[in-house]
Every structure is written in C-alpha cells, then in structure tokens.
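The file coords.txt comes next; it holds compact mmCIF, C-alpha atoms.
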# COMPACT_ATOMS: atom_id res chain seq x y z
CA MET A 1 -20.53 38.11 30.75
CA THR A 2 -17.72 37.16 28.36
CA ARG A 3 -17.63 33.68 29.88
CA TYR A 4 -21.07 33.10 28.30
CA LEU A 5 -19.99 34.25 24.84
CA PRO A 6 -18.77 30.79 23.67
CA TYR A 7 -22.20 29.32 24.53
CA LEU A 8 -23.92 32.07 22.54
CA LEU A 9 -21.72 31.42 19.49
CA VAL A 10 -22.03 27.62 19.61
CA GLY A 11 -25.80 27.96 20.13
CA LEU A 12 -25.95 30.33 17.16
CA MET A 13 -24.16 27.83 14.96
CA PHE A 14 -26.58 25.10 16.11
CA GLY A 15 -29.68 27.17 15.27
CA PHE A 16 -28.21 28.21 11.93
CA VAL A 17 -27.45 24.60 10.96
CA LEU A 18 -30.89 23.32 12.10
CA VAL A 19 -32.68 25.78 9.81
CA LYS A 20 -30.20 25.63 6.89
CA SER A 21 -30.19 21.82 6.81
CA GLU A 22 -34.02 21.88 7.08
CA ALA A 23 -33.92 19.60 10.13
CA ALA A 24 -36.35 22.21 11.51
CA SER A 25 -38.77 21.54 8.65
CA TRP A 26 -42.04 19.69 9.17
CA TYR A 27 -41.76 18.41 5.59
CA ARG A 28 -38.34 16.83 6.25
CA ILE A 29 -39.64 15.12 9.40
CA GLN A 30 -42.58 13.53 7.53
CA GLU A 31 -40.18 12.45 4.77
CA MET A 32 -37.93 10.89 7.43
CA PHE A 33 -40.69 8.96 9.22
CA HIS A 34 -41.78 7.56 5.84
CA PHE A 35 -38.20 6.61 4.87
CA GLN A 36 -38.45 8.60 1.62
CA ASN A 37 -35.08 10.37 1.75
CA PHE A 38 -31.68 9.76 3.30
CA HIS A 39 -31.21 13.46 4.20
CA MET A 40 -32.43 13.39 7.85
CA PHE A 41 -30.89 9.98 8.55
CA GLY A 42 -27.63 11.25 7.08
CA ILE A 43 -27.71 14.24 9.47
CA LEU A 44 -28.47 12.08 12.53
CA PHE A 45 -26.00 9.27 11.73
CA SER A 46 -23.13 11.59 10.81
CA ALA A 47 -23.81 13.75 13.90
CA ILE A 48 -23.68 10.68 16.18
CA ALA A 49 -20.55 9.36 14.40
CA THR A 50 -18.78 12.74 14.70
CA ALA A 51 -19.68 13.04 18.38
CA PHE A 52 -18.61 9.42 19.02
CA VAL A 53 -15.21 9.85 17.36
CA SER A 54 -14.55 13.18 19.12
CA ILE A 55 -15.49 11.67 22.49
CA GLN A 56 -13.05 8.80 21.89
CA ILE A 57 -10.32 11.35 21.09
CA VAL A 58 -11.16 13.38 24.22
CA LYS A 59 -10.97 10.18 26.32
CA ARG A 60 -7.55 9.30 24.93
CA MET A 61 -6.09 12.77 25.37
CA GLY A 62 -3.84 13.42 28.31
CA LYS A 63 -5.11 16.93 29.04
CA LYS A 64 -8.73 16.83 30.13
CA LYS A 65 -9.47 20.39 31.23
CA ALA A 66 -12.29 22.56 29.90
CA MET A 67 -11.66 26.22 29.01
CA ASP A 68 -12.87 27.30 32.44
CA GLY A 69 -10.49 24.91 34.24
CA GLN A 70 -13.03 22.19 35.14
CA SER A 71 -11.98 18.64 34.35
CA ILE A 72 -13.94 17.09 31.49
CA GLU A 73 -16.24 14.22 32.47
CA ILE A 74 -18.67 12.38 30.22
CA PRO A 75 -22.05 12.66 31.99
CA GLU A 76 -23.94 9.43 32.79
CA LYS A 77 -27.73 9.12 32.39
CA THR A 78 -29.67 7.72 35.36
CA PRO A 79 -30.33 3.99 34.78
CA GLY A 80 -33.93 3.04 34.01
CA THR A 81 -36.29 1.93 31.27
CA LYS A 82 -39.93 2.97 31.76
CA SER A 83 -39.51 6.72 31.89
CA TYR A 84 -37.25 6.68 28.83
CA VAL A 85 -39.58 4.56 26.72
CA ILE A 86 -42.88 6.19 27.76
CA GLY A 87 -41.47 9.72 27.70
CA GLY A 88 -39.86 9.01 24.34
CA LEU A 89 -43.16 7.72 22.93
CA VAL A 90 -45.09 10.82 24.05
CA PHE A 91 -42.42 13.18 22.77
CA GLY A 92 -42.03 11.29 19.48
CA PHE A 93 -45.79 11.30 18.94
CA GLY A 94 -45.89 15.10 19.29
CA TRP A 95 -42.78 15.47 17.13
CA GLY A 96 -44.35 13.34 14.37
CA LEU A 97 -47.43 15.59 14.37
CA ILE A 98 -45.81 19.04 14.33
CA GLY A 99 -42.31 18.24 13.11
CA LEU A 100 -40.53 20.40 15.69
CA CYS A 101 -38.39 19.03 18.51
CA PRO A 102 -37.06 21.42 21.19
CA GLY A 103 -33.98 22.71 19.28
CA PRO A 104 -35.93 23.56 16.12
CA MET A 105 -38.69 25.16 18.25
CA PHE A 106 -36.25 27.78 19.47
CA ALA A 107 -34.66 28.16 16.02
CA MET A 108 -37.99 28.55 14.19
CA ALA A 109 -39.40 30.91 16.84
CA GLY A 110 -36.24 32.98 16.26
CA ALA A 111 -36.89 32.83 12.52
CA GLY A 112 -40.19 34.58 13.23
CA SER A 113 -42.66 31.69 13.01
CA LEU A 114 -45.56 32.57 15.29
CA GLY A 115 -46.75 28.95 15.10
CA ALA A 116 -43.39 27.68 16.38
CA PHE A 117 -43.66 30.15 19.26
CA VAL A 118 -47.09 28.68 20.13
CA VAL A 119 -45.54 25.19 20.10
CA LEU A 120 -42.82 26.45 22.46
CA VAL A 121 -45.41 27.89 24.86
CA GLY A 122 -47.21 24.53 24.74
CA ALA A 123 -43.95 22.72 25.47
CA LEU A 124 -43.42 24.89 28.56
CA HIS A 125 -46.88 23.92 29.80
CA GLY A 126 -46.15 20.24 29.09
CA THR A 127 -42.89 20.47 31.02
CA TRP A 128 -44.69 22.09 33.93
CA LEU A 129 -47.36 19.36 33.82
CA TYR A 130 -44.64 16.70 34.09
CA GLY A 131 -43.11 18.48 37.08
CA ALA A 132 -46.49 18.64 38.81
CA LEU A 133 -47.35 14.97 38.13
CA LYS A 134 -43.87 13.50 38.56
CA GLN A 135 -44.54 11.55 41.80
CA HIS A 136 -47.58 9.83 40.29
CA LEU A 137 -45.86 8.61 37.12
CA PRO A 138 -44.02 5.28 36.66
CA HIS A 139 -40.26 5.74 36.36
CA MET B 140 -22.11 33.13 -1.20
CA ASP B 141 -24.61 30.54 -2.43
CA TRP B 142 -23.81 28.17 0.41
CA LEU B 143 -25.22 30.72 2.88
CA THR B 144 -28.71 30.61 1.42
CA HIS B 145 -28.99 27.09 0.00
CA THR B 146 -29.80 23.84 1.80
CA LEU B 147 -26.86 22.51 3.82
CA PRO B 148 -26.11 18.95 2.70
CA TRP B 149 -26.39 16.28 5.41
CA TYR B 150 -22.65 15.54 5.36
CA VAL B 151 -21.95 19.14 6.40
CA ALA B 152 -24.89 19.64 8.79
CA GLY B 153 -24.51 16.31 10.63
CA PRO B 154 -20.84 16.68 11.59
CA LEU B 155 -21.43 20.32 12.64
CA ILE B 156 -24.25 19.20 14.95
CA GLY B 157 -22.13 16.30 16.23
CA LEU B 158 -19.32 18.73 17.11
CA MET B 159 -21.68 20.37 19.63
CA VAL B 160 -20.97 17.48 22.03
CA PRO B 161 -17.16 17.94 22.32
CA LEU B 162 -17.46 21.74 22.01
CA MET B 163 -19.76 21.95 25.03
CA LEU B 164 -17.40 19.69 26.99
CA PHE B 165 -14.41 21.85 26.06
CA ILE B 166 -16.11 25.15 26.84
CA GLY B 167 -17.22 24.24 30.35
CA ASN B 168 -17.70 20.48 30.86
CA ARG B 169 -21.36 20.77 29.78
CA SER B 170 -23.60 18.07 28.37
CA PHE B 171 -25.17 19.04 25.04
CA GLY B 172 -28.99 19.01 25.27
CA ILE B 173 -31.81 21.45 24.62
CA SER B 174 -34.96 20.36 26.45
CA ASN B 175 -33.60 21.10 29.94
CA ASN B 176 -34.08 24.76 29.06
CA LEU B 177 -37.84 24.23 29.11
CA ARG B 178 -37.45 23.22 32.77
CA HIS B 179 -35.27 26.25 33.51
CA LEU B 180 -37.85 28.56 31.90
CA CYS B 181 -40.54 26.99 34.12
CA ALA B 182 -38.29 27.50 37.16
CA ILE B 183 -37.88 31.17 36.25
CA THR B 184 -41.59 31.83 35.69
CA GLN B 185 -43.13 29.67 38.44
CA PRO B 186 -45.14 32.03 40.65
CA PRO B 187 -44.23 31.87 44.36
CA THR B 188 -47.82 30.81 45.14
CA VAL B 189 -47.61 27.60 43.09
CA GLU B 190 -44.71 25.57 44.35
CA VAL B 191 -43.81 22.48 42.39
CA ASP B 192 -40.61 20.98 43.84
CA PHE B 193 -39.35 19.96 40.41
CA PHE B 194 -38.91 23.66 39.56
CA ARG B 195 -37.41 24.80 42.87
CA TYR B 196 -33.69 25.01 42.29
CA ASN B 197 -31.19 27.70 41.49
CA TRP B 198 -31.77 28.13 37.74
CA LYS B 199 -29.05 30.80 37.64
CA GLU B 200 -26.49 27.98 37.65
CA HIS B 201 -27.86 27.08 34.22
CA THR B 202 -27.55 30.53 32.66
CA TRP B 203 -25.03 29.12 30.18
CA SER B 204 -27.74 26.79 28.85
CA LEU B 205 -30.26 29.61 28.44
CA VAL B 206 -27.58 31.68 26.65
CA PHE B 207 -27.09 28.69 24.32
CA VAL B 208 -30.76 28.64 23.26
CA ILE B 209 -30.82 32.42 22.84
CA GLY B 210 -27.99 31.75 20.39
CA THR B 211 -30.09 29.01 18.76
CA ALA B 212 -32.95 31.46 18.22
CA LEU B 213 -30.53 34.05 16.78
CA GLY B 214 -29.04 31.38 14.49
CA GLY B 215 -32.58 30.53 13.36
CA TYR B 216 -33.16 34.21 12.61
CA LEU B 217 -29.95 34.46 10.57
CA ALA B 218 -30.66 31.26 8.64
CA GLY B 219 -34.39 31.74 8.18
CA VAL B 220 -34.64 35.51 7.66
CA VAL B 221 -31.31 37.18 6.86
CA PHE B 222 -29.97 34.38 4.66
CA ALA B 223 -33.36 32.88 3.81
CA ASN B 224 -33.39 30.16 1.17
CA PRO B 225 -35.24 31.55 -1.88
CA ASN B 226 -36.07 27.99 -3.00
CA PRO B 227 -38.62 25.55 -1.54
CA VAL B 228 -37.51 22.46 0.44
CA GLU B 229 -36.40 19.90 -2.16
CA LEU B 230 -38.33 16.84 -1.06
CA SER B 231 -38.00 13.45 -2.71
CA LEU B 232 -40.63 12.67 -5.36
CA ALA B 233 -42.17 10.04 -3.07
CA ALA B 234 -42.60 12.62 -0.29
CA GLN B 235 -44.14 15.15 -2.70
CA ASN B 236 -46.73 12.63 -3.89
CA MET B 237 -47.47 11.62 -0.31
CA LEU B 238 -48.10 15.25 0.70
CA LEU B 239 -50.47 15.77 -2.23
CA SER B 240 -52.38 12.59 -1.35
CA TRP B 241 -52.77 13.95 2.21
CA GLY B 242 -54.30 17.16 0.81
CA PHE B 243 -51.26 19.35 1.55
CA THR B 244 -49.84 21.73 -1.04
CA LEU B 245 -46.16 21.31 -2.00
CA PRO B 246 -43.73 23.34 0.15
CA GLY B 247 -43.28 27.02 -0.65
CA THR B 248 -40.37 28.92 0.82
CA SER B 249 -41.51 28.22 4.40
CA LEU B 250 -40.11 25.22 6.30
CA VAL B 251 -43.48 24.56 7.94
CA PRO B 252 -46.83 24.01 6.19
CA ASP B 253 -49.31 26.87 6.11
CA GLU B 254 -52.12 24.32 6.52
CA LEU B 255 -50.99 23.73 10.14
CA PHE B 256 -49.05 26.88 11.07
CA HIS B 257 -51.16 29.67 9.58
CA PRO B 258 -52.55 31.74 12.49
CA SER B 259 -56.06 30.52 13.37
CA VAL B 260 -57.72 29.36 16.58
CA ARG B 261 -57.89 25.79 15.26
CA ASN B 262 -54.23 25.68 14.21
CA PHE B 263 -52.87 27.34 17.34
CA THR B 264 -54.91 25.05 19.60
CA PHE B 265 -53.45 22.07 17.74
CA LEU B 266 -49.88 23.45 17.87
CA PHE B 267 -50.21 24.21 21.58
CA ALA B 268 -51.50 20.69 22.30
CA CYS B 269 -48.65 19.09 20.34
CA GLY B 270 -46.20 21.34 22.18
CA VAL B 271 -47.61 20.03 25.48
CA LEU B 272 -46.87 16.45 24.32
CA VAL B 273 -43.32 17.37 23.34
CA GLY B 274 -42.64 19.24 26.59
CA PHE B 275 -44.18 16.52 28.77
CA GLY B 276 -42.48 13.67 26.89
CA THR B 277 -39.01 15.19 26.75
CA ARG B 278 -38.97 15.91 30.46
CA TYR B 279 -40.39 12.48 31.30
CA ALA B 280 -37.67 10.90 29.13
CA GLY B 281 -35.05 13.28 30.50
CA GLY B 282 -33.97 14.60 27.12
CA CYS B 283 -34.83 15.12 23.47
CA THR B 284 -33.17 14.48 20.12
CA SER B 285 -30.02 16.37 21.13
CA GLY B 286 -29.59 14.98 24.65
CA HIS B 287 -30.53 11.37 23.88
CA ALA B 288 -30.10 10.66 20.15
CA ILE B 289 -26.87 12.66 19.78
CA THR B 290 -25.18 13.03 23.18
CA GLY B 291 -26.58 9.81 24.68
CA LEU B 292 -26.05 7.44 21.76
CA SER B 293 -22.58 8.82 20.96
CA THR B 294 -21.53 8.15 24.57
CA LEU B 295 -23.07 4.63 24.40
CA GLN B 296 -25.71 5.06 27.10
CA LEU B 297 -28.40 2.39 27.24
CA PRO B 298 -31.16 4.69 28.65
CA SER B 299 -30.73 6.92 25.59
CA LEU B 300 -31.23 3.94 23.30
CA PHE B 301 -34.56 3.20 25.07
CA ALA B 302 -35.55 6.86 24.68
CA VAL B 303 -34.62 6.97 20.99
CA LEU B 304 -36.60 3.76 20.28
CA GLY B 305 -39.59 5.30 22.06
CA ILE B 306 -39.21 8.57 20.18
CA PHE B 307 -39.02 6.87 16.81
CA ALA B 308 -41.97 4.58 17.54
CA GLY B 309 -44.08 7.56 18.66
CA GLY B 310 -43.12 9.50 15.55
CA LEU B 311 -43.99 6.60 13.25
CA ILE B 312 -47.43 6.19 14.83
CA ALA B 313 -48.22 9.91 14.46
CA SER B 314 -46.79 10.24 10.97
CA TRP B 315 -48.35 7.08 9.52
CA PHE B 316 -51.74 6.99 11.22
CA LEU B 317 -52.68 10.57 12.13
CA VAL B 318 -50.96 13.08 9.87
CA PRO B 319 -52.44 11.56 6.65
CA HIS B 320 -55.96 12.24 7.98
CA MET B 321 -55.46 15.66 9.54
CA LEU B 322 -56.72 17.61 6.54
CA ILE B 323 -58.96 15.07 4.82
CA GLY B 324 -61.22 13.12 7.23
Would you mind writing the structure in this file as structure tokens?
Amino acid sequence: MTRYLPYLLVGLMFGFVLVKSEAASWYRIQEMFHFQNFHMFGILFSAIATAFVSIQIVKRMGKKKAMDGQSIEIPEKTPGTKSYVIGGLVFGFGWGLIGLCPGPMFAMAGAGSLGAFVVLVGALHGTWLYGALKQHLPH
Amino acid sequence: MDWLTHTLPWYVAGPLIGLMVPLMLFIGNRSFGISNNLRHLCAITQPPTVEVDFFRYNWKEHTWSLVFVIGTALGGYLAGVVFANPNPVELSLAAQNMLLSWGFTLPGTSLVPDELFHPSVRNFTFLFACGVLVGFGTRYAGGCTSGHAITGLSTLQLPSLFAVLGIFAGGLIASWFLVPHMLIG
C-alpha cells in the first residue's frame, strides 16, 4: 500500500489548493467567464507555464526514470478534432452553469457540500451515458 | 498561520497545480488528469447484467488514480472544513454588481451559492443534470481542465487546444446567456 502513498499526498495537495485558491468556487468561475478578475486566469496560465517549464527540464535531463523504475514518457493524445470540440462544448456548458469541473467536484464533496456530491453522481451518470452511446457519436 | 485559512493568491496556487504534471510523471510515469476516475468508478459499479464495453477493463490497474482523488477529497475537507476561510470570496466589484443584478446574494463563507446548492428537489435536479453534462462532455472530449488545459496544453498537444476552445466557448454560452436568467425569468 505504501506505493500509493505519494498519490494520496499529491492528490491531497491538489484538493487543498483547489479549495484554498477558490478555483472550486462557482463565484470565481462566473467572474472568470465574464473577464472581471485576473485571479482564475492567473491560476490557469501560471499552472500551464510551470508544467511547461518542468516538462522541458524533464526532457533535457539525462536520467528519465520514475520512482517506481518506469521510464518517463510524455503521453500523447489521440489525434482528432470533433470529439474534442463537441465534448469540450458540452463539458464547458455544464461547467459554466454549476461552476464545478471534475477536480473541484471531488474536493467540494470532500468539504461536505451535499450539492457537489449530487453533481458528482450526475457526472457518473453522464460518463456512463457516453460509454453506452460511444459507437453512435461522431469522433 | 493566516496563510492556511486565507485565499491562496494565484501566483502560489497556479504553480502548485502546474507541478502536478511533473510530480505524477516522477512518481510513476502517470499523466495528470481527473475525469478518467469517473470512468473507473463506472467500471467498478457496472452491474454484470448491463455490459457496456467501454467500462469492461481491469480498473484495478488504475488504483493509483482513485487514490489520487481520495486525496483530493481529503484536501478539500482540510481546506474547506478544518482550515475554513472565515471570510467570504473577495470578488471584484464588477462581479459583485453582476451577481446582484442576476438576483443572487453576495457570497457568504460558502464557495458555492445557496440559491443553487441549498438542498431542494429543484436544486438537486438541476445539479444532477449539469453533472450529467460535465460527465458526458469530459469523457467525450477525453479529459477535463486538468487533463487538457493543464497537462495537454503544457505538452503542446493540438487535440487539447481544440478541447480547451470548446470548453471555454461552452462556458461562455452558459455563463452569459443562461446563468443571468436562472433566478429571475
């Protein structure tokens, strides 16, 4: 079980930061979509910049082994357009309404919000619906 | 200890979130992303009588990912309950005026508005329906804000750019054309 401990700790830090920075707040999401504050854009841009710089460092390092001995590889997304745009639109539409994307759903459910838990249950049903309809959807 | 209860500034929160990407690679060559866990939870709970192929795989190989979101929920508990911020979300003046014009009250100590999250049949039906959109859309797009906007864009992947443009467009439509009328006709 100790091999899972790092994931628990990193996940804990993620949830803590999502709530403390208010990225898990419906109010902050509305403020973002109306361009009324730099806060959320600052979080997103600096997160992407930090990840980008660290990935460049990882790429240039000689030693490319993870803690468990696997070699580090940057995963590639499957090429395509339709599924990304349509899926993104549907997800973004829901996100704009309730202000919770998947990370914050888990964090806010953990913080004891019954409403966030209901959103999470809905998201599980939505995921299942996609799985059931997958063959009939454009990709 | 003020920093534990007060709002984390963006220049602290953003880099900490961005560090998730290299950290997950270093721990076990994993790609940082949250919404795949929704699929794993479906795979765990799918009854043997209903067999959707998309959920027939060995979810136990993804235990690490489920452990990660258990951590996320615990982190949410620590941040939202144990070290709860005693002050309301400090929105910009423009956002405060916008909320009032939509018929919402200004934020209290909760991060989510009572008008939409207070337990009632109407609210929970709405929250469930929006959750369905988020779950369906993230799986269709193959990722959410973490997997596409952060991991995908920082590794310069074109599909993630398409997804992020879709996500932002969807969010703008909802936030500009629906949310303002949710409480007042």
Expressed in Å, the length from CA of Ser25 in chain A to CA of Arg169 in chain B is 27.4 Å
What are the closest atom pairs, with distances in Å to one decimal, for all residues of range 274-318 of chain B lying within 10 Å of range 58-80 of chain A? Consider only C-alpha atoms, order rows by chain and residue number, and present the result as JSON lines.
{"residue": "B:Ala280", "atom": "CA", "partner": "A:Gly80", "partner_atom": "CA", "distance": 10.0}
{"residue": "B:Gly281", "atom": "CA", "partner": "A:Lys77", "partner_atom": "CA", "distance": 8.6}
{"residue": "B:Gly282", "atom": "CA", "partner": "A:Lys77", "partner_atom": "CA", "distance": 9.8}
{"residue": "B:Gly286", "atom": "CA", "partner": "A:Lys77", "partner_atom": "CA", "distance": 9.9}
{"residue": "B:His287", "atom": "CA", "partner": "A:Lys77", "partner_atom": "CA", "distance": 9.2}
{"residue": "B:Thr290", "atom": "CA", "partner": "A:Pro75", "partner_atom": "CA", "distance": 9.4}
{"residue": "B:Gly291", "atom": "CA", "partner": "A:Lys77", "partner_atom": "CA", "distance": 7.8}
{"residue": "B:Thr294", "atom": "CA", "partner": "A:Ile74", "partner_atom": "CA", "distance": 7.6}
{"residue": "B:Leu295", "atom": "CA", "partner": "A:Glu76", "partner_atom": "CA", "distance": 9.7}
{"residue": "B:Gln296", "atom": "CA", "partner": "A:Lys77", "partner_atom": "CA", "distance": 7.0}
{"residue": "B:Leu297", "atom": "CA", "partner": "A:Pro79", "partner_atom": "CA", "distance": 7.9}
{"residue": "B:Pro298", "atom": "CA", "partner": "A:Pro79", "partner_atom": "CA", "distance": 6.2}
{"residue": "B:Ser299", "atom": "CA", "partner": "A:Lys77", "partner_atom": "CA", "distance": 7.8}
{"residue": "B:Phe301", "atom": "CA", "partner": "A:Gly80", "partner_atom": "CA", "distance": 9.0}
Q. Near Val118 in chain A, counting only C-alpha atoms, which residues have an atom at most 7 Å away, once you skip same-chain residues fewer than 4 positions from it, shown as a ChimeraX atom specification?
A. /A:114,122 /B:263,266-267
Contacts of Ser174 in chain B within 12 Å, all atoms listed in the file, excl. fewer than 6 positions in-chain, as a short mmCIF file (atom, residue, chain, number, x, y, z; two decimals) with C-alpha atoms, in the frame of the given file:
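In the end it all went to result.cif:
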data_model
loop_
_atom_site.label_atom_id
_atom_site.label_comp_id
_atom_site.auth_asym_id
_atom_site.auth_seq_id
_atom_site.Cartn_x
_atom_site.Cartn_y
_atom_site.Cartn_z
CA PHE A 91 -42.42 13.18 22.77
CA CYS A 101 -38.39 19.03 18.51
CA PRO A 102 -37.06 21.42 21.19
CA GLY A 103 -33.98 22.71 19.28
CA PRO A 104 -35.93 23.56 16.12
CA MET A 105 -38.69 25.16 18.25
CA PHE A 106 -36.25 27.78 19.47
CA LEU A 120 -42.82 26.45 22.46
CA ALA A 123 -43.95 22.72 25.47
CA LEU A 124 -43.42 24.89 28.56
CA GLY A 126 -46.15 20.24 29.09
CA THR A 127 -42.89 20.47 31.02
CA LEU B 180 -37.85 28.56 31.90
CA CYS B 181 -40.54 26.99 34.12
CA SER B 204 -27.74 26.79 28.85
CA LEU B 205 -30.26 29.61 28.44
CA PHE B 207 -27.09 28.69 24.32
CA VAL B 208 -30.76 28.64 23.26
CA VAL B 273 -43.32 17.37 23.34
CA GLY B 274 -42.64 19.24 26.59
CA PHE B 275 -44.18 16.52 28.77
CA GLY B 276 -42.48 13.67 26.89
CA THR B 277 -39.01 15.19 26.75
CA ARG B 278 -38.97 15.91 30.46
CA TYR B 279 -40.39 12.48 31.30
CA ALA B 280 -37.67 10.90 29.13
CA GLY B 281 -35.05 13.28 30.50
CA GLY B 282 -33.97 14.60 27.12
CA CYS B 283 -34.83 15.12 23.47
CA THR B 284 -33.17 14.48 20.12
CA SER B 285 -30.02 16.37 21.13
CA GLY B 286 -29.59 14.98 24.65
CA HIS B 287 -30.53 11.37 23.88
#
Near Ser113 in chain A, counting all atoms listed in the file, which residues have an atom at most 10 Å away, once you skip same-chain residues fewer than 6 positions from it, shown as a tab-separated table (two decimals) with C-alpha atoms, in the coordinates of the input?
chain	number	residue	atom	x	y	z
A	105	MET	CA	-38.69	25.16	18.25
A	106	PHE	CA	-36.25	27.78	19.47
A	107	ALA	CA	-34.66	28.16	16.02
B	216	TYR	CA	-33.16	34.21	12.61
B	219	GLY	CA	-34.39	31.74	8.18
B	249	SER	CA	-41.51	28.22	4.40
B	250	LEU	CA	-40.11	25.22	6.30
B	251	VAL	CA	-43.48	24.56	7.94
B	256	PHE	CA	-49.05	26.88	11.07
B	257	HIS	CA	-51.16	29.67	9.58
B	258	PRO	CA	-52.55	31.74	12.49
Item to complete: To one decimal in Å, tell me the separation between CA of Pro319 in chain B and CA of Trp241 in chain B.
Response: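 Computing it gives 5.1 Å between the two atoms.
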